[in-house]
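A short write-up of the structure that comes next.
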Amino acid sequence: MKAVGLVVFTYRASIFLFRGLLGLDRVDQETVARARLKLIILAFSLVFVAIGGRLAILALTSDPNGGRGGGTDAVASARPDIVDRNGDVVAIDVRSPSLFAEPKRLIDPDETLEGLLKVLPDLDVNEVRARLNSGKGFAWLKREITPAQQRAIYRLGFPGIGFVRENRRIYPDGPTFSHAIGNVNVDNQGIAGLEKYIDNRGLADLHLAGLATDRQQEPVQLAMDSRVQHAVRDELLKAREKFKAIAAMGLVVNVRTGEIVSMVSLPDFDPNMSNDPRDNAHLNRLTTGVFEMGSTFKSLSFAMALDSGKINLSSTFDARGALSFGRFAIHDFHAENRVLTVPEIFLVSSNVGTAKMVLSLGVEAHKAFLKKMGQMDRLRTELPESAEPIVPRRWGEVNSATIAFGHGIAVAPLQAVMAVNSMVNGGYLIPPTFMKRSEAEAMQVATRVLKPETSDKMRYLLRLNVEKGSGKKADIPGYSVGAKTGTAEKVVNGRYSKNKLLTSFTAVFPMDKPEFLVLVMLDEPQATSETYGYATSGWNAAPTAGKIVERIAPMLNVAPRQNAPMAEQILRDMQQKVAERR
């Protein structure tokens with residue numbers, strides 16, 4: 001009843017209001033006429049306001065050269081410059097003419113097509129003919145033509161043919177930054193790499209709203225260094241050719257801030273050219289590729305063991321013979337067949353010793369440690385492209401034993417680098433970034449994952465491995481390099497192949513106060529006469545990393561020292577710090 005009463009009240013009130021507005025309740029006819037006139041004026045005013053608003057929207061969003069829809073008819077909008085850490089431009093917009101037609105204004109489409117082909121012989125004849133005969137108000141014919149081509153077409157004098165000056169993305173360094181920067185489509189919108197990240201950060205919304213104009217936009221400054229990037233790429237190109245590898249990868253990271261100073265994945269591509277994104281050269285192996293990292297992954301096993309407090313540098317493990325799990329057995333590449341101390345296991349890269357060390361702490365502790373070190377989840381950076389690590393569904397002792405020396409788990413190389421950084425920077429896991437970041441800013445996003453003394457011990461082991469172990473070919477005088485080699489057999493048809501190797505080398509310098517990490521990876525390198533028939537990491541990835549360190553250290557303001565600290569000095573300093581804490 002209450003609802004019915006409310007409806008009746010609303011109806012009567014509406015009638016009363018309407019009659020009052022029209023003046024129907026008034027006796028004076030002149031007053032009624034004036035009221036009706038006001039209502040008519042109000043109605044026409046609302047109509048004109050609506051039309052004016054629509055025209056204003058069209059004026060703001062339409063192109064002055066003719067009507068355009070969305071999609072491929074969009075005019076390329078402006079993008080901010082991208083500069084390296086020193087302010088050098090690595091991506092910039094330039095203005096270039098694009099050719100369009102107004103088919104409904106053409107006098108003879110066939111004659112027009114014939115004339116255009118004389119200037120632009122690469123035009124798709126069937127497609128352009130269809131557009132010229134479409135009768136539409138606007139149709140693109142060719143984006144990004146040269147000024148000389150524009151002048152030649154202009155001289156033809158065809159009505160209904162015009163030009164629009166659009167923003168075109170230019171990459172001055174060609175393929176050098178391709179996998180980090182990515183590229184854009186014909187409408188100047190990011191489709192990969194940091195270009196896509198910029199759009200995801202809000203530029204895409206400006207494009208859709210038609211507000212990404214040519215007004216000055218703040219440059220995007222990267223942590224990357226153009227000089228270092230060129231040096232790393234140059235050395236990787238040489239190594240790939242020398243060792244006939246199918247691919248080569250390199251990273252340079254600031255271990256204190258997580259800044260990615262250089263990232264190279266070969267083969268690469270030229271973002272200035274039209275490319276097929278499905279091409280192998282577009283694969284960024286450092287973020288979207290996942291690999292079994294081999295013995296470089298042993299560093300995590302040693303960090304876990306030393307951080308547990310149950311194992312120290314003087315602990316020993318029996319490496320006599322293989323470690324068996326039923327019909328499955330783990331062997332050493334160069335078996336020592338004796339009891340080894342922890343530093344000796346690291347130096348000879350003993351699979352058996354490393355596996356026994358990890359198993360002594362338990363499977364669950366191993367899983368928890370790798371989770372803490374960021375190796376079990378997808379790594380997120382500014383790059384949209386990333387890959388999920390491949391981990392065992394069922395994880396038992398045999399899995400922990402193989403994962404201890406880098407087989408049985410596949411991660412993105414940048415992911416593994418993040419963990420190694422924490423082993424030398426005092427124990428902080430810092431998410432990597434392509435943007436400039438200070439040490440103070442890094443500490444705000446860092447997580448302590450290792451004790452400071454564990455980091456000190458790892459620095460000692462890494463430096464010792466370059467002095468006396470498999471990293472000798474990266475021992476650049478004056479820079480106190482520490483490193484770990486890794487050689488992993490690739491899986492082919494479900495089985496490990498002894499002839500197809502993935503070699504990696506992680507180098508850190510200077511080891512008394514680490515600043516930078518260099519990762520070098522070669523996919524299927526071949527033996528040469530210089531390597532005496534060996535294709536393992538110490539013979540190809542290690543010397544390549546050494547050359548990179550030698551070239552980039554001066555660029556990064558790391559000066560060589562005559563008395564660079566040796567492993568024993570690092571150990572003494574560590575022991576002194578422990579004594580002071582006590």
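Numbering starts fresh at 1 for the residues of each chain in the structure tokens, the chains themselves are lettered A, B, ... in the order given, and ligands are numbered from 1 as they appear.
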
- [ ] Could you give me the residues within segment 283-442 of chain A that DSSP places in strand (DSSP E or B), as a list in words?
- [x] Phe291, Thr316, Phe317, Asp318, Leu323, Ser324, Phe325, Phe328, Ala329, Ile330, Val339, Leu340, Thr341, Ile390, Ala410, Val411, Tyr428, Leu429, Thr433 and Met435 of chain A

Those selected residues, please, written with C-alpha atoms and delivered as a PDB file, in the first residue's frame.
```
ATOM      1  CA  PHE A 291      68.128 -22.587 -18.496  1.00  0.00           C
ATOM      2  CA  THR A 316      84.666 -31.872   5.010  1.00  0.00           C
ATOM      3  CA  PHE A 317      82.638 -34.192   2.785  1.00  0.00           C
ATOM      4  CA  ASP A 318      83.505 -37.558   1.285  1.00  0.00           C
ATOM      5  CA  LEU A 323      76.689 -40.722  -5.149  1.00  0.00           C
ATOM      6  CA  SER A 324      74.046 -43.324  -5.995  1.00  0.00           C
ATOM      7  CA  PHE A 325      70.241 -43.224  -5.956  1.00  0.00           C
ATOM      8  CA  PHE A 328      70.938 -43.273 -10.907  1.00  0.00           C
ATOM      9  CA  ALA A 329      74.435 -42.060  -9.960  1.00  0.00           C
ATOM     10  CA  ILE A 330      76.062 -38.643  -9.639  1.00  0.00           C
ATOM     11  CA  VAL A 339      87.599 -36.291   1.273  1.00  0.00           C
ATOM     12  CA  LEU A 340      87.316 -32.595   0.410  1.00  0.00           C
ATOM     13  CA  THR A 341      86.980 -29.439   2.482  1.00  0.00           C
ATOM     14  CA  ILE A 390      60.780 -24.748 -14.290  1.00  0.00           C
ATOM     15  CA  ALA A 410      65.673 -24.006 -14.986  1.00  0.00           C
ATOM     16  CA  VAL A 411      65.602 -20.271 -14.286  1.00  0.00           C
ATOM     17  CA  TYR A 428      70.723  -8.338   0.462  1.00  0.00           C
ATOM     18  CA  LEU A 429      68.373  -9.630  -2.248  1.00  0.00           C
ATOM     19  CA  THR A 433      65.936  -2.699 -12.414  1.00  0.00           C
ATOM     20  CA  MET A 435      65.992   2.442 -14.201  1.00  0.00           C
TER      21      MET A 435
END
```

Task: Closest of A:Val290, A:Leu383, A:Leu370, A:Ala442 to Gly182 of chain A - atom-to-atom distances counting only C-alpha atoms - done: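 Going through A:Val290, A:Leu383, A:Leu370, A:Ala442 one by one, the smallest distance to Gly182 of chain A is for A:Leu383.
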
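In terms of minimum interatomic distance to Asp523 of chain A, A:Lys244 ranks closest within A:Lys473, A:Lys457, A:Lys244, A:Lys484, counting only C-alpha atoms.
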